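See structure below.
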Amino acid sequence: QVQLVESGGGLVQAGGSLRLSCAASGSIFSITNMGWYRQAPGKQREFVARISSGASTYYADSVKGRFTISRDNAKNTVYLQMNSLKPEDTAVYYCNADIGVLNQGYWGQGTQVTVSS
C-alpha cells in the first residue's frame, strides 16, 4: 500500500515563502513523475509543477519564476519551494506521484496554503 503525505502548508503574508514536502511510503519499486496540483475554493484542481525521474521540471505559467520543484529520490520525497506568494496562490495543495511499473497515480490528502493580502 502506498501513501503520500504532504506537510508544510500554512498561513503567510503576500510576498512571503513556504516550502511544501510530500513523502511517499509503502511498497514502492519506482517513482517516475512527482508533482503538485492545487484547488482553490469553487475552482477545479489545476496543475502547478511536475518533476520527472530525470529531474526535468515543468511549471504552470502562473507560478514560473516564483515556485521551484525538486525531489530527493533516496527519500521518495518531492518539495515545492514557493516564493513571492500572492493571495491568488491560496488553495489546497495536493501531491501526485506515478509509482510502479504501471505508473499508477497516487494522491496525497492535501495541505492548505493561505496567503493574506
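By order of appearance in the C-alpha cells: chains A, B, ..., then residues from 1 within every chain, and ligands from 1 in the order shown.
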
Near-stretch 42-48 of chain A list (12 Å; only C-alpha atoms; drop same-chain fewer than 3 positions) as number ranges by chain = A: 34-39, 51, 57-64, 66-69, 80-82, 88-96, 110

Print the selection's residues with C-alpha atoms to a file, as a PDB file, in the first residue's frame.
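Dumped everything to out_0.pdb:
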ATOM      1  CA  MET A  34       6.111  13.604  -8.993  1.00  0.00           C
ATOM      2  CA  GLY A  35       4.142  16.790  -8.933  1.00  0.00           C
ATOM      3  CA  TRP A  36       1.913  19.317  -7.274  1.00  0.00           C
ATOM      4  CA  TYR A  37      -1.612  20.428  -8.032  1.00  0.00           C
ATOM      5  CA  ARG A  38      -3.853  22.893  -6.239  1.00  0.00           C
ATOM      6  CA  GLN A  39      -7.533  23.550  -5.805  1.00  0.00           C
ATOM      7  CA  ILE A  51       9.420  16.809 -11.956  1.00  0.00           C
ATOM      8  CA  THR A  57      10.782  20.236 -14.468  1.00  0.00           C
ATOM      9  CA  TYR A  58       7.552  21.758 -15.753  1.00  0.00           C
ATOM     10  CA  TYR A  59       5.584  24.656 -14.317  1.00  0.00           C
ATOM     11  CA  ALA A  60       2.255  26.337 -14.787  1.00  0.00           C
ATOM     12  CA  ASP A  61       2.689  29.801 -16.254  1.00  0.00           C
ATOM     13  CA  SER A  62       1.136  31.325 -13.135  1.00  0.00           C
ATOM     14  CA  VAL A  63       3.978  30.099 -10.903  1.00  0.00           C
ATOM     15  CA  LYS A  64       7.020  30.247 -13.206  1.00  0.00           C
ATOM     16  CA  ARG A  66       8.292  32.014  -8.180  1.00  0.00           C
ATOM     17  CA  PHE A  67       7.982  28.285  -7.402  1.00  0.00           C
ATOM     18  CA  THR A  68      10.686  25.623  -7.594  1.00  0.00           C
ATOM     19  CA  ILE A  69      10.043  21.890  -7.548  1.00  0.00           C
ATOM     20  CA  LEU A  80       7.773  22.748  -3.635  1.00  0.00           C
ATOM     21  CA  GLN A  81       9.538  25.967  -2.673  1.00  0.00           C
ATOM     22  CA  MET A  82       7.064  28.807  -3.046  1.00  0.00           C
ATOM     23  CA  GLU A  88      -4.343  34.017  -5.599  1.00  0.00           C
ATOM     24  CA  ASP A  89      -1.991  31.182  -4.608  1.00  0.00           C
ATOM     25  CA  THR A  90      -4.377  30.351  -1.763  1.00  0.00           C
ATOM     26  CA  ALA A  91      -5.559  26.772  -2.231  1.00  0.00           C
ATOM     27  CA  VAL A  92      -5.292  23.224  -1.009  1.00  0.00           C
ATOM     28  CA  TYR A  93      -2.103  21.817  -2.499  1.00  0.00           C
ATOM     29  CA  TYR A  94      -2.036  18.145  -3.466  1.00  0.00           C
ATOM     30  CA  CYS A  95       0.944  15.943  -4.138  1.00  0.00           C
ATOM     31  CA  ASN A  96       0.806  13.459  -7.008  1.00  0.00           C
ATOM     32  CA  GLY A 110      -3.712  17.867   0.608  1.00  0.00           C
TER      33      GLY A 110
END

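Excluding A:Gly8 itself and same-chain residues fewer than 4 positions from it, the residues having an atom within 9 Å of it are Leu18, Arg19, Leu20, Ser21, Cys22, Thr111, Gln112 and Val113 of chain A, counting only C-alpha atoms.
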
Next, write the just-selected residues to a file, as a CSV table (one decimal), in the first residue's frame, keeping N, CA and C atoms as the atom set.
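Written file, result.csv:
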chain,number,residue,atom,x,y,z
A,18,LEU,N,6.9,29.7,1.5
A,18,LEU,CA,6.6,28.4,2.1
A,18,LEU,C,7.2,27.3,1.4
A,19,ARG,N,7.5,26.2,2.1
A,19,ARG,CA,8.1,25.1,1.4
A,19,ARG,C,7.2,23.9,1.8
A,20,LEU,N,6.7,23.3,0.7
A,20,LEU,CA,5.9,22.1,0.9
A,20,LEU,C,6.7,20.8,0.7
A,21,SER,N,6.4,19.8,1.4
A,21,SER,CA,7.1,18.5,1.3
A,21,SER,C,6.0,17.4,1.1
A,22,CYS,N,6.4,16.4,0.4
A,22,CYS,CA,5.5,15.2,0.2
A,22,CYS,C,6.3,14.0,0.1
A,111,THR,N,-2.7,19.8,1.6
A,111,THR,CA,-2.3,20.7,2.6
A,111,THR,C,-2.7,22.1,2.3
A,112,GLN,N,-3.3,22.8,3.2
A,112,GLN,CA,-3.8,24.2,3.0
A,112,GLN,C,-2.7,25.2,3.0
A,113,VAL,N,-2.7,26.0,1.9
A,113,VAL,CA,-1.9,27.2,1.9
A,113,VAL,C,-2.8,28.4,1.8

ask   = So which bits of chain A end up strand (DSSP E or B) when you DSSP the backbone, as a PyMOL selection string?
value = chain A and resi 2-7+10-13+18-26+31-39+46-51+57-59+67-72+77-82+91-99+104-107+111-116

key: Test item: residues at most 8 Å from A:Ser25, only C-alpha atoms, excluding those fewer than 5 positions along its chain, as a ChimeraX atom specification   = /A:2-4,76

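Taking atom CA of A:Trp107 and atom CA of A:Ala23 as endpoints, the distance between them is 11.0 Å.
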
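Remark: for A:Ser70, the closest of the candidate residues A:Ala49, A:Ala97, A:Leu85, A:Val115 is A:Ala49 (distances computed over only C-alpha atoms).
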
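For the residues A:Ser30, A:Lys86, A:Tyr106, A:Arg71, ranking by smallest atom-to-atom distance to A:Gly15 using only C-alpha atoms places A:Lys86 first.
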
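Candidate residues A:Glu6, A:Thr114, A:Ser84, A:Phe29 were compared for distance to A:Gly65, and the nearest is A:Ser84, using only C-alpha atoms.
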
ask   = DSSP on the backbone: what in chain A comes out helix (DSSP H, G or I), as a PyMOL selection string?
value = chain A and resi 73-75+87-89
